[in-house]
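Participant: TSV, C-alpha atoms and all ligand atoms, file start04.tsv:
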```
chain	number	residue	atom	x	y	z
L	1	MET	CA	-31.48	-3.70	12.57
L	2	GLU	CA	-28.02	-2.20	12.89
L	3	ASP	CA	-26.29	-2.01	16.23
L	4	LYS	CA	-27.32	1.58	16.94
L	5	LYS	CA	-29.68	3.11	19.46
L	6	THR	CA	-33.35	3.26	18.48
L	7	LEU	CA	-35.32	6.42	17.79
L	8	PHE	CA	-39.12	6.51	17.58
L	9	SER	CA	-41.44	9.33	16.68
L	10	ALA	CA	-45.04	9.58	15.54
L	11	ILE	CA	-47.23	12.35	14.20
L	12	GLN	CA	-51.01	12.44	14.01
L	13	PRO	CA	-52.62	12.82	10.57
L	14	SER	CA	-55.24	15.04	12.20
L	15	GLY	CA	-54.90	17.71	9.52
L	16	ILE	CA	-52.22	19.07	7.25
L	17	LEU	CA	-49.08	19.64	9.33
L	18	THR	CA	-48.12	23.14	10.42
L	19	ILE	CA	-44.69	24.75	10.55
L	20	GLY	CA	-44.96	24.06	14.31
L	21	ASN	CA	-44.97	20.31	13.65
L	22	TYR	CA	-42.21	20.80	11.07
L	23	LEU	CA	-39.86	22.92	13.20
L	24	GLY	CA	-40.65	21.16	16.48
L	25	ALA	CA	-40.41	17.61	15.16
L	26	LEU	CA	-40.25	16.64	11.49
L	27	ARG	CA	-37.28	18.77	10.47
L	28	ASN	CA	-35.02	17.07	13.01
L	29	PHE	CA	-35.82	13.55	11.84
L	30	LYS	CA	-33.75	13.72	8.64
L	31	LYS	CA	-30.54	14.47	10.56
L	32	LEU	CA	-31.26	11.95	13.34
L	33	GLN	CA	-32.03	9.01	11.02
L	34	ASP	CA	-28.33	8.59	10.18
L	35	ASP	CA	-27.33	8.08	13.79
L	36	TYR	CA	-30.20	5.87	15.02
L	37	ASN	CA	-32.28	2.92	13.93
L	38	SER	CA	-35.23	5.17	13.23
L	39	ILE	CA	-38.90	4.31	13.28
L	40	PHE	CA	-41.48	6.88	12.18
L	41	SER	CA	-45.19	6.37	12.45
L	42	VAL	CA	-48.38	7.92	11.13
L	43	ALA	CA	-50.40	7.90	14.36
L	44	ASP	CA	-53.82	7.31	12.83
L	45	LEU	CA	-55.30	5.61	15.92
L	46	HIS	CA	-54.48	8.68	17.98
L	47	THR	CA	-56.50	10.92	15.66
L	48	LEU	CA	-59.68	8.97	16.42
L	49	THR	CA	-59.70	10.54	19.88
L	50	VAL	CA	-61.15	13.64	18.19
L	51	ARG	CA	-64.02	13.42	15.70
L	52	GLN	CA	-62.68	12.97	12.14
L	53	ASP	CA	-64.34	12.95	8.77
L	54	PRO	CA	-63.37	9.44	7.48
L	55	ALA	CA	-62.62	10.52	3.88
L	56	THR	CA	-60.49	13.45	5.06
L	57	LEU	CA	-58.65	11.27	7.53
L	58	ARG	CA	-57.78	8.74	4.80
L	59	LYS	CA	-56.48	11.60	2.63
L	60	ASN	CA	-54.46	13.06	5.52
L	61	ILE	CA	-52.79	9.70	6.19
L	62	TYR	CA	-51.31	9.75	2.67
L	63	GLU	CA	-50.52	13.47	2.97
L	64	LEU	CA	-48.48	12.81	6.10
L	65	THR	CA	-46.73	9.79	4.57
L	66	ALA	CA	-45.72	11.87	1.55
L	67	LEU	CA	-44.63	14.74	3.80
L	68	TYR	CA	-42.37	12.49	5.88
L	69	LEU	CA	-40.67	11.38	2.65
L	70	ALA	CA	-40.51	14.92	1.23
L	71	CYS	CA	-38.80	16.05	4.44
L	72	GLY	CA	-36.04	13.51	3.87
L	73	ILE	CA	-37.12	10.33	5.62
L	74	ASN	CA	-35.39	7.60	3.66
L	75	PRO	CA	-37.48	4.39	3.69
L	76	GLU	CA	-34.38	2.33	2.88
L	77	LYS	CA	-32.78	3.53	6.10
L	78	SER	CA	-35.73	4.17	8.39
L	79	ILE	CA	-39.00	2.37	9.04
L	80	LEU	CA	-42.08	4.39	8.05
L	81	PHE	CA	-45.45	2.82	8.79
L	82	ILE	CA	-49.07	3.44	9.77
L	83	GLN	CA	-49.78	2.79	13.46
L	84	SER	CA	-52.99	0.80	12.85
L	85	HIS	CA	-51.14	-1.58	10.49
L	86	VAL	CA	-49.30	-3.03	13.48
L	87	SER	CA	-52.00	-4.22	15.84
L	88	ALA	CA	-49.48	-4.73	18.65
L	89	HIS	CA	-49.95	-1.01	19.43
L	90	ALA	CA	-53.59	-1.53	20.42
L	91	GLU	CA	-52.77	-4.80	22.18
L	92	LEU	CA	-50.00	-3.36	24.34
L	93	THR	CA	-52.24	-0.41	25.19
L	94	TRP	CA	-54.70	-2.83	26.76
L	95	VAL	CA	-52.04	-4.34	29.01
L	96	LEU	CA	-50.58	-0.95	29.97
L	97	ASN	CA	-54.07	0.33	30.78
L	98	THR	CA	-54.14	-2.16	33.61
L	99	ILE	CA	-51.20	-0.40	35.30
L	100	CYS	CA	-52.37	3.18	34.62
L	101	TYR	CA	-54.88	5.14	36.68
L	102	PRO	CA	-57.67	7.56	35.74
L	103	GLY	CA	-56.25	10.10	38.22
L	104	GLU	CA	-52.90	10.43	36.45
L	105	LEU	CA	-54.44	10.42	32.97
L	106	SER	CA	-57.06	13.05	33.77
L	107	ARG	CA	-54.29	15.33	35.11
L	108	MET	CA	-52.54	15.51	31.71
L	109	THR	CA	-52.56	19.06	30.31
L	110	GLN	CA	-53.50	17.94	26.78
L	111	PHE	CA	-56.49	15.97	28.12
L	112	LYS	CA	-57.68	18.98	30.09
L	113	GLU	CA	-57.26	21.31	27.11
L	114	LYS	CA	-58.85	18.98	24.59
L	115	SER	CA	-61.73	18.28	26.98
L	116	LYS	CA	-62.48	21.99	26.77
L	117	THR	CA	-62.09	22.36	23.00
L	118	HIS	CA	-64.08	19.15	22.34
L	119	GLU	CA	-66.51	19.30	25.24
L	120	ASP	CA	-69.19	17.45	23.25
L	121	ASN	CA	-66.86	14.46	22.78
L	122	VAL	CA	-64.77	13.77	25.89
L	123	ASN	CA	-64.33	10.08	25.11
L	124	MET	CA	-62.27	7.35	26.82
L	125	GLY	CA	-59.73	7.41	23.96
L	126	LEU	CA	-58.96	11.07	24.64
L	127	MET	CA	-58.01	10.20	28.19
L	128	ASP	CA	-56.12	7.11	27.06
L	129	TYR	CA	-54.09	8.99	24.42
L	130	PRO	CA	-50.83	8.94	26.44
L	131	VAL	CA	-51.10	5.19	27.13
L	132	LEU	CA	-51.32	4.51	23.39
L	133	MET	CA	-48.35	6.85	22.97
L	134	ALA	CA	-46.41	4.90	25.62
L	135	SER	CA	-47.19	1.68	23.74
L	136	ASP	CA	-45.92	3.20	20.48
L	137	ILE	CA	-42.63	4.09	22.10
L	138	LEU	CA	-42.09	1.05	24.33
L	139	LEU	CA	-42.88	-1.58	21.68
L	140	TYR	CA	-39.70	-0.60	19.83
L	141	GLN	CA	-37.50	-0.45	22.93
L	142	SER	CA	-36.86	3.17	21.93
L	143	ASP	CA	-33.93	5.03	23.42
L	144	LEU	CA	-34.78	8.45	22.03
L	145	VAL	CA	-38.08	10.17	21.24
L	146	PRO	CA	-37.89	13.56	19.47
L	147	VAL	CA	-40.95	15.66	20.32
L	148	GLY	CA	-42.06	19.27	20.61
L	149	ALA	CA	-42.38	20.76	24.11
L	150	ASP	CA	-46.14	20.07	24.24
L	151	GLN	CA	-45.53	16.31	24.33
L	152	LYS	CA	-42.96	16.44	27.16
L	153	GLN	CA	-45.52	15.56	29.83
L	154	HIS	CA	-46.73	12.54	27.85
L	155	LEU	CA	-43.16	11.41	27.32
L	156	GLU	CA	-42.52	11.57	31.05
L	157	LEU	CA	-45.60	9.42	31.61
L	158	SER	CA	-44.23	6.89	29.09
L	159	ARG	CA	-41.04	6.73	31.15
L	160	ASP	CA	-43.05	6.27	34.37
L	161	ILE	CA	-45.09	3.48	32.78
L	162	ALA	CA	-41.92	1.69	31.57
L	163	ILE	CA	-40.35	1.93	35.03
L	164	ARG	CA	-43.59	0.84	36.74
L	165	PHE	CA	-43.93	-2.22	34.48
L	166	ASN	CA	-40.24	-3.14	34.85
L	167	ASN	CA	-40.48	-2.89	38.65
L	168	ARG	CA	-43.59	-5.04	38.79
L	169	PHE	CA	-42.75	-7.71	36.22
L	170	GLY	CA	-38.96	-7.54	35.76
L	171	GLU	CA	-36.80	-5.78	33.15
L	172	THR	CA	-38.91	-5.56	29.97
L	173	PHE	CA	-38.84	-2.08	28.49
L	174	THR	CA	-36.08	0.40	27.65
L	175	VAL	CA	-36.81	3.65	29.48
L	176	PRO	CA	-36.85	6.31	26.70
L	177	ASP	CA	-35.31	9.78	26.72
L	178	GLY	CA	-36.95	12.77	25.08
L	179	TYR	CA	-35.24	14.98	22.52
L	180	ILE	CA	-36.66	18.48	22.51
L	181	PRO	CA	-35.19	20.93	19.98
L	182	LYS	CA	-33.41	24.02	21.35
L	183	THR	CA	-35.32	26.45	19.14
L	184	ALA	CA	-38.94	26.24	18.05
L	185	ALA	CA	-39.93	23.53	20.52
L	186	ARG	CA	-43.19	25.45	20.90
L	187	VAL	CA	-44.26	27.54	17.92
L	188	MET	CA	-47.24	29.70	18.82
L	189	SER	CA	-50.44	30.60	17.00
L	190	LEU	CA	-50.12	33.61	14.66
L	191	GLN	CA	-53.47	34.92	15.87
L	192	GLU	CA	-53.27	34.12	19.60
L	193	PRO	CA	-49.54	33.97	20.32
L	194	THR	CA	-50.03	32.76	23.89
L	195	LYS	CA	-51.54	29.54	22.47
L	196	LYS	CA	-49.65	26.74	20.70
L	197	MET	CA	-49.89	26.60	16.90
L	198	SER	CA	-52.07	23.56	16.11
L	199	LYS	CA	-53.08	21.97	12.84
L	200	SER	CA	-56.65	21.50	14.04
L	201	ASP	CA	-57.18	25.19	14.89
L	202	ALA	CA	-60.50	26.36	13.44
L	203	ASN	CA	-58.92	29.71	12.51
L	204	LEU	CA	-56.93	29.06	9.32
L	205	ASN	CA	-54.94	32.29	9.81
L	206	ALA	CA	-53.60	30.97	13.12
L	207	PHE	CA	-51.21	28.50	11.50
L	208	ILE	CA	-49.00	28.08	8.48
L	209	SER	CA	-49.79	24.77	6.88
L	210	MET	CA	-47.04	22.84	5.10
L	211	ASP	CA	-49.49	22.89	2.17
L	212	ASP	CA	-49.77	26.70	1.98
L	213	ASP	CA	-48.39	28.21	-1.23
L	214	PRO	CA	-45.98	31.17	-0.96
L	215	ASP	CA	-48.71	33.82	-1.43
L	216	THR	CA	-50.81	32.27	1.35
L	217	VAL	CA	-47.80	32.03	3.66
L	218	ILE	CA	-46.96	35.70	3.16
L	219	ARG	CA	-50.59	36.79	3.53
L	220	LYS	CA	-50.93	34.89	6.83
L	221	PHE	CA	-47.71	36.40	8.21
L	222	LYS	CA	-48.89	39.88	7.21
L	223	ARG	CA	-52.02	39.27	9.30
L	224	ALA	CA	-50.08	37.89	12.29
L	225	VAL	CA	-50.88	39.58	15.59
L	226	THR	CA	-48.10	41.85	16.92
L	227	ASP	CA	-48.42	44.76	19.37
L	228	SER	CA	-48.44	48.53	19.35
L	229	ASP	CA	-44.83	49.45	20.21
L	230	ASN	CA	-42.58	49.11	17.19
L	231	ARG	CA	-39.56	47.27	18.65
L	232	ILE	CA	-38.44	43.91	17.28
L	233	ILE	CA	-37.05	42.24	20.39
L	234	PHE	CA	-37.57	38.89	22.08
L	235	SER	CA	-39.43	39.47	25.33
L	236	GLU	CA	-42.06	37.75	27.46
L	237	ASP	CA	-44.40	40.72	27.19
L	238	LYS	CA	-44.20	40.63	23.37
L	239	PRO	CA	-45.51	37.14	22.56
L	240	GLY	CA	-46.42	37.91	18.92
L	241	ILE	CA	-43.05	39.44	18.01
L	242	SER	CA	-41.14	36.80	20.01
L	243	ASN	CA	-42.96	34.05	18.13
L	244	LEU	CA	-42.13	35.59	14.76
L	245	LEU	CA	-38.47	35.98	15.79
L	246	THR	CA	-38.42	32.35	16.92
L	247	ILE	CA	-39.90	31.13	13.65
L	248	TYR	CA	-37.44	33.20	11.60
L	249	ALA	CA	-34.45	32.11	13.71
L	250	ALA	CA	-35.47	28.44	13.46
L	251	ILE	CA	-36.21	28.46	9.74
L	252	THR	CA	-32.94	30.28	8.88
L	253	GLU	CA	-30.97	28.38	11.56
L	254	LYS	CA	-29.71	31.62	13.13
L	255	SER	CA	-29.65	32.65	16.80
L	256	ILE	CA	-32.35	34.91	18.27
L	257	ALA	CA	-29.67	37.50	19.15
L	258	ASP	CA	-28.43	37.63	15.52
L	259	VAL	CA	-31.99	37.90	14.23
L	260	GLU	CA	-32.78	40.76	16.63
L	261	LYS	CA	-29.74	42.61	15.23
L	262	GLU	CA	-30.76	41.85	11.66
L	263	PHE	CA	-34.18	43.44	12.15
L	264	ALA	CA	-33.23	46.35	14.42
L	265	GLY	CA	-34.98	49.52	13.28
L	266	LEU	CA	-37.27	47.78	10.75
L	267	GLY	CA	-41.05	48.41	10.86
L	268	TYR	CA	-43.42	45.55	11.75
L	269	GLY	CA	-44.86	45.38	8.21
L	270	ASP	CA	-41.45	44.78	6.59
L	271	PHE	CA	-40.44	42.42	9.38
L	272	LYS	CA	-43.51	40.24	8.86
L	273	LEU	CA	-42.90	40.17	5.12
L	274	ARG	CA	-39.29	39.01	5.64
L	275	VAL	CA	-40.41	36.23	7.98
L	276	GLY	CA	-43.08	35.15	5.48
L	277	GLU	CA	-40.59	35.05	2.60
L	278	ALA	CA	-38.06	33.06	4.60
L	279	VAL	CA	-40.68	30.47	5.61
L	280	ALA	CA	-42.10	30.23	2.07
L	281	ASN	CA	-38.58	29.67	0.65
L	282	VAL	CA	-38.07	26.66	2.90
L	283	ILE	CA	-41.47	25.02	2.75
L	284	GLU	CA	-42.33	25.52	-0.95
L	285	PRO	CA	-39.84	22.92	-2.30
L	286	ILE	CA	-41.08	20.46	0.35
L	287	ARG	CA	-44.71	21.07	-0.69
L	288	GLN	CA	-43.85	20.47	-4.34
L	289	GLU	CA	-41.97	17.27	-3.57
L	290	LYS	CA	-44.83	16.08	-1.35
L	291	ASN	CA	-47.36	16.69	-4.15
L	292	LYS	CA	-45.17	14.76	-6.60
L	293	LEU	CA	-45.04	11.82	-4.18
L	294	LEU	CA	-48.80	11.97	-3.58
L	295	ALA	CA	-49.38	11.41	-7.29
L	296	ASN	CA	-47.67	8.03	-6.95
L	297	ARG	CA	-50.00	6.17	-4.60
L	298	ASP	CA	-48.51	2.75	-5.50
L	299	TYR	CA	-45.09	3.88	-4.31
L	300	LEU	CA	-46.53	5.20	-1.02
L	301	ASP	CA	-48.43	1.92	-0.49
L	302	ASP	CA	-45.22	-0.06	-1.09
L	303	VAL	CA	-43.28	2.04	1.41
L	304	LEU	CA	-46.04	1.61	4.01
L	305	LYS	CA	-46.36	-2.14	3.41
L	306	ASN	CA	-42.65	-2.67	3.77
L	307	GLY	CA	-42.56	-0.40	6.83
L	308	ALA	CA	-45.39	-2.27	8.56
L	309	GLU	CA	-43.70	-5.62	7.96
L	310	ARG	CA	-40.43	-4.42	9.45
L	311	ALA	CA	-42.12	-2.65	12.38
L	312	GLU	CA	-44.28	-5.68	13.14
L	313	ARG	CA	-41.27	-7.96	13.61
L	314	VAL	CA	-39.85	-5.72	16.33
L	315	ALA	CA	-43.21	-4.91	17.94
L	316	TYR	CA	-44.36	-8.52	18.29
L	317	ARG	CA	-41.10	-9.54	19.88
L	318	THR	CA	-41.75	-7.00	22.65
L	319	LEU	CA	-45.44	-7.87	22.93
L	320	ALA	CA	-44.64	-11.59	23.30
L	321	LYS	CA	-42.23	-10.72	26.10
L	322	VAL	CA	-44.90	-8.60	27.82
L	323	TYR	CA	-47.57	-11.31	27.56
L	324	LYS	CA	-45.15	-13.85	29.02
L	325	LYS	CA	-44.13	-11.54	31.89
L	326	VAL	CA	-47.72	-10.87	32.95
L	327	GLY	CA	-48.57	-14.58	32.87
L	328	LEU	CA	-50.45	-15.10	29.60
L	329	VAL	CA	-49.97	-18.42	27.80
L	330	ALA	CA	-48.42	-18.24	24.32
L	331	ARG	CA	-50.70	-19.59	21.60
L	332	LYS	CA	-49.50	-22.89	20.06
L	333	ARG	CA	-49.27	-22.65	16.27
L	334	GLY	CA	-49.31	-25.34	13.57
V	401	LIG	N1	-46.71	24.39	17.91
V	401	LIG	C1	-45.77	23.45	17.95
V	401	LIG	N2	-44.47	23.79	18.08
V	401	LIG	C2	-43.50	22.84	18.10
V	401	LIG	N3	-43.76	21.51	18.00
V	401	LIG	C3	-45.04	21.13	17.88
V	401	LIG	N4	-45.63	19.92	17.76
V	401	LIG	C4	-46.97	20.09	17.66
V	401	LIG	N5	-47.29	21.40	17.72
V	401	LIG	C5	-46.11	22.08	17.84
V	401	LIG	C6	-44.91	18.66	17.72
V	401	LIG	O1	-45.25	18.01	16.50
V	401	LIG	C7	-45.21	16.59	16.71
V	401	LIG	C8	-46.43	15.97	16.12
V	401	LIG	O2	-47.55	16.38	16.86
V	401	LIG	P1	-48.91	15.60	16.76
V	401	LIG	O3	-49.53	15.90	15.46
V	401	LIG	O4	-48.68	14.16	17.00
V	401	LIG	O5	-49.78	16.12	17.96
V	401	LIG	P2	-49.96	17.53	18.59
V	401	LIG	O6	-48.80	17.81	19.47
V	401	LIG	O7	-51.30	17.51	19.24
V	401	LIG	O8	-49.96	18.53	17.34
V	401	LIG	P3	-51.06	19.53	16.86
V	401	LIG	O9	-50.59	20.16	15.59
V	401	LIG	O10	-51.46	20.46	17.97
V	401	LIG	O11	-52.25	18.56	16.49
V	401	LIG	P4	-53.75	18.64	16.89
V	401	LIG	O12	-54.21	20.00	16.48
V	401	LIG	O13	-54.41	17.52	16.13
V	401	LIG	O14	-53.82	18.41	18.38
V	401	LIG	C9	-45.06	16.36	18.20
V	401	LIG	O15	-43.72	16.00	18.48
V	401	LIG	C10	-45.40	17.68	18.80
V	401	LIG	O16	-44.74	17.90	20.02
```
Would you mind writing the file's structure down as structure tokens?

Facilitator:
Amino acid sequence: MEDKKTLFSAIQPSGILTIGNYLGALRNFKKLQDDYNSIFSVADLHTLTVRQDPATLRKNIYELTALYLACGINPEKSILFIQSHVSAHAELTWVLNTICYPGELSRMTQFKEKSKTHEDNVNMGLMDYPVLMASDILLYQSDLVPVGADQKQHLELSRDIAIRFNNRFGETFTVPDGYIPKTAARVMSLQEPTKKMSKSDANLNAFISMDDDPDTVIRKFKRAVTDSDNRIIFSEDKPGISNLLTIYAAITEKSIADVEKEFAGLGYGDFKLRVGEAVANVIEPIRQEKNKLLANRDYLDDVLKNGAERAERVAYRTLAKVYKKVGLVARKRG
């Protein structure tokens, strides 16, 4: 790899991505890949923490791979691979589990929230999610991890785990920094704007999927929850309007103040239509490119094979170092 800092990011194929995932994470990757040795992963093992339909999961793994590429990830420059193809992720998780504690894992906000939304399936993996995430990041000696605001707490835990391991066993891991975008770090649900927009929301009107066609995008924005006073301003007591302003500002790369001026005096109906059109204009070409790529399964498989081979070389170097540090004996080969 070139002599640049390393960037790592992963996304779960737990559904079709939303504009929250796009604005909070994916969109930034294209720009960052020029400045860093970049490693992007399809976090399939993470999705198993919530019940998945196997056939749908398999389909979503290819959907996400194609979407990464359609959003400008260049597999010649960056490494793109499926998490489960590099078994070092699961292996390092085991070792890191031995320095993590149920108390700290059960305090994580995502664990508490998902324990409520999936109360019939609060499994060990759900609690262990951030340890697997720490393994993802630390295996590549990552310097920078771009994430949306919801993953900040997990990222901080990854840093704590790296420091804890380094203190106990000697310098082993790079301690990663997070990169949280200035706008749209937390895009909210269109139906319950005090809740994060999530791809696994049961209410399809709550999120804009990167697979929605322009008519669907506009229809969903028209149905977005607002409020009863007719002012288009960014304010804590106007979560619906503030969310729509944020989405519009992020998608058009304008400031919130400029966007407030642009919409001053407009009615909510027209405002929602303008936001819908702006979002559809940006995501429609990506959707079309993604669908073109999906039709070429052999190409996607080649990209993923090559990505896994390159990722594996880096990951096993770190894992071998970890095994040695904790006192395991290296297997003799040949
Ligand atoms: N609403 C959001 N606004 C901004 N960024 C977001 N991200 C997720 N939701 C928003 C960021 O997208 C990246 C990939 O997320 P993930 O799929 O790995 O996991 P997640 O954070 O749990 O995303 P979802 O959509 O809410 O998935 P489900 O519904 O399966 O739990 C991360 O960088 C995340 O911060």

Participant: I want to know what sits within 10 Å of segment 25-38 of chain L, based on all atoms listed in the file, with residues of the same chain fewer than 5 positions away left out; could you give that as a PyMOL selection string?

Facilitator: chain L and resi 1-11+17+19-20+67-69+71-75+77-80+140+142-149+179-181+184-185+251

Participant: Work out how far apart atom CA of Asp270 of chain L and atom CA of Leu244 of chain L are and give it in Å to one decimal.

Facilitator: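 Interatomic distance here is 12.3 Å.
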
Participant: What's around segment 62-66 of chain L at 9 Å? Count all atoms listed in the file, leave out sequence neighbours fewer than 6 positions away in its own chain, and write the answer as a list in words.

Facilitator: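 After dropping sequence-adjacent residues, the list is Ile11, Gln12, Pro13, Gly15, Ile16, Leu17, Ser41, Val42, Leu80, Phe81, Ile82, Glu289, Lys290, Asn291, Lys292, Leu293, Leu294, Arg297, Leu300, Asp301 and Leu304 of chain L.
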
Participant: Between atom CA of Ile137 of chain L and atom CA of Val175 of chain L, what distance in Å does the model show, to one decimal?

Facilitator: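 Distance between the two atoms: 9.4 Å.
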
Participant: Rank L:Asp136, L:Glu156, L:Glu104, L:Asp150 by their smallest atom-to-atom distance to ligand LIG 401 (chain V), using all atoms listed in the file, and report the top residue only.

Facilitator: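 Among the listed residues, L:Asp150 lies closest to ligand LIG 401 (chain V).
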
Participant: Take every atom of ligand LIG 401 (chain V) listed in the file, pad by 4 Å on each side, and give me the axis-aligned box centre and edge lengths in Å, one decimal, as AutoDock Vina command-line options.

Facilitator:
```
--center_x -49.0 --center_y 19.3 --center_z 17.7 --size_x 18.9 --size_y 18.2 --size_z 12.6
```

Participant: What separation in Å, quoted to one decimal, exists between atom CA of Gly327 of chain L and atom CA of Phe165 of chain L?

Facilitator: 13.3 Å

Participant: Would you pick out the contacts of Ala134 of chain L at 10 Å or less, using all atoms listed in the file, so that residues sharing its chain but fewer than 4 positions from it are not included, and give the list as a list in words?

Facilitator: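 Residues meeting the cut-off are His89, Leu92, Thr93, Leu96, Tyr129, Pro130, Leu138, Leu139, His154, Leu155, Glu156, Leu157, Ser158, Arg159, Asp160, Ile161, Ala162 and Pro176 of chain L.
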
Participant: If I put a ball of radius 10 Å at (-49.7, 33.5, 21.7) in the file's coordinates, which residues poke into it when counting only C-alpha atoms, written as a ChimeraX atom specification?

Facilitator: /L:187-197,206,225-226,238-243

Participant: Could you pull the residues within 10 Å of Pro214 of chain L, counting all atoms listed in the file, minus those fewer than 5 positions along the same chain, as a PyMOL selection string?

Facilitator: chain L and resi 219-220+276-284

Participant: With all atoms listed in the file as the atoms that count, which of L:Asp302, L:Asp177, L:Asp53, L:Asp120 lies nearest to Glu76 of chain L?

Facilitator: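 Ranked by minimum distance to Glu76 of chain L, first place goes to L:Asp302.
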
Participant: For ligand LIG 401 (chain V), which residue out of L:Lys222, L:His85, L:Arg331, L:Arg186 is the nearest one, using all atoms listed in the file?

Facilitator: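 For ligand LIG 401 (chain V), the nearest of the given residues is L:Arg186.
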
Participant: Of the candidates L:Ile208, L:Leu273, L:Ala249, L:Val131, which one gets nearest to ligand LIG 401 (chain V) if we count all atoms listed in the file?

Facilitator: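 Counting all atoms listed in the file, the residue closest to ligand LIG 401 (chain V) is L:Ile208.
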
Participant: Using the incomplete input, complete segment 64-69 of chain L to the level of all heavy atoms; output as a JSON list (two decimals), in the frame of the given file.

Facilitator:
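Output (selection11.json):
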```json
[["chain", "number", "residue", "atom", "x", "y", "z"],
["L", 64, "LEU", "N", -49.55, 12.85, 5.10],
["L", 64, "LEU", "CA", -48.48, 12.81, 6.10],
["L", 64, "LEU", "C", -47.36, 11.86, 5.66],
["L", 64, "LEU", "O", -46.17, 12.15, 5.82],
["L", 64, "LEU", "CB", -49.04, 12.41, 7.47],
["L", 64, "LEU", "CG", -48.04, 12.26, 8.61],
["L", 64, "LEU", "CD1", -47.15, 13.49, 8.77],
["L", 64, "LEU", "CD2", -48.76, 11.99, 9.94],
["L", 65, "THR", "N", -47.74, 10.73, 5.06],
["L", 65, "THR", "CA", -46.73, 9.79, 4.57],
["L", 65, "THR", "C", -45.83, 10.49, 3.54],
["L", 65, "THR", "O", -44.60, 10.42, 3.61],
["L", 65, "THR", "CB", -47.42, 8.57, 3.91],
["L", 65, "THR", "OG1", -48.31, 7.99, 4.86],
["L", 65, "THR", "CG2", -46.41, 7.53, 3.45],
["L", 66, "ALA", "N", -46.48, 11.18, 2.60],
["L", 66, "ALA", "CA", -45.72, 11.87, 1.55],
["L", 66, "ALA", "C", -44.86, 12.99, 2.16],
["L", 66, "ALA", "O", -43.73, 13.22, 1.71],
["L", 66, "ALA", "CB", -46.68, 12.44, 0.50],
["L", 67, "LEU", "N", -45.38, 13.65, 3.19],
["L", 67, "LEU", "CA", -44.63, 14.74, 3.80],
["L", 67, "LEU", "C", -43.37, 14.22, 4.52],
["L", 67, "LEU", "O", -42.30, 14.81, 4.45],
["L", 67, "LEU", "CB", -45.53, 15.52, 4.76],
["L", 67, "LEU", "CG", -44.94, 16.81, 5.29],
["L", 67, "LEU", "CD1", -44.64, 17.82, 4.18],
["L", 67, "LEU", "CD2", -45.90, 17.46, 6.29],
["L", 68, "TYR", "N", -43.54, 13.09, 5.24],
["L", 68, "TYR", "CA", -42.37, 12.49, 5.88],
["L", 68, "TYR", "C", -41.27, 12.29, 4.82],
["L", 68, "TYR", "O", -40.11, 12.62, 5.03],
["L", 68, "TYR", "CB", -42.73, 11.10, 6.43],
["L", 68, "TYR", "CG", -43.16, 10.99, 7.88],
["L", 68, "TYR", "CD1", -44.41, 10.47, 8.22],
["L", 68, "TYR", "CD2", -42.29, 11.31, 8.92],
["L", 68, "TYR", "CE1", -44.80, 10.31, 9.55],
["L", 68, "TYR", "CE2", -42.66, 11.14, 10.25],
["L", 68, "TYR", "CZ", -43.91, 10.64, 10.56],
["L", 68, "TYR", "OH", -44.28, 10.47, 11.87],
["L", 69, "LEU", "N", -41.67, 11.69, 3.68],
["L", 69, "LEU", "CA", -40.67, 11.38, 2.65],
["L", 69, "LEU", "C", -40.10, 12.66, 2.05],
["L", 69, "LEU", "O", -38.89, 12.77, 1.84],
["L", 69, "LEU", "CB", -41.32, 10.51, 1.55],
["L", 69, "LEU", "CG", -41.82, 9.13, 2.03],
["L", 69, "LEU", "CD1", -42.66, 8.45, 0.95],
["L", 69, "LEU", "CD2", -40.65, 8.23, 2.42]]
```
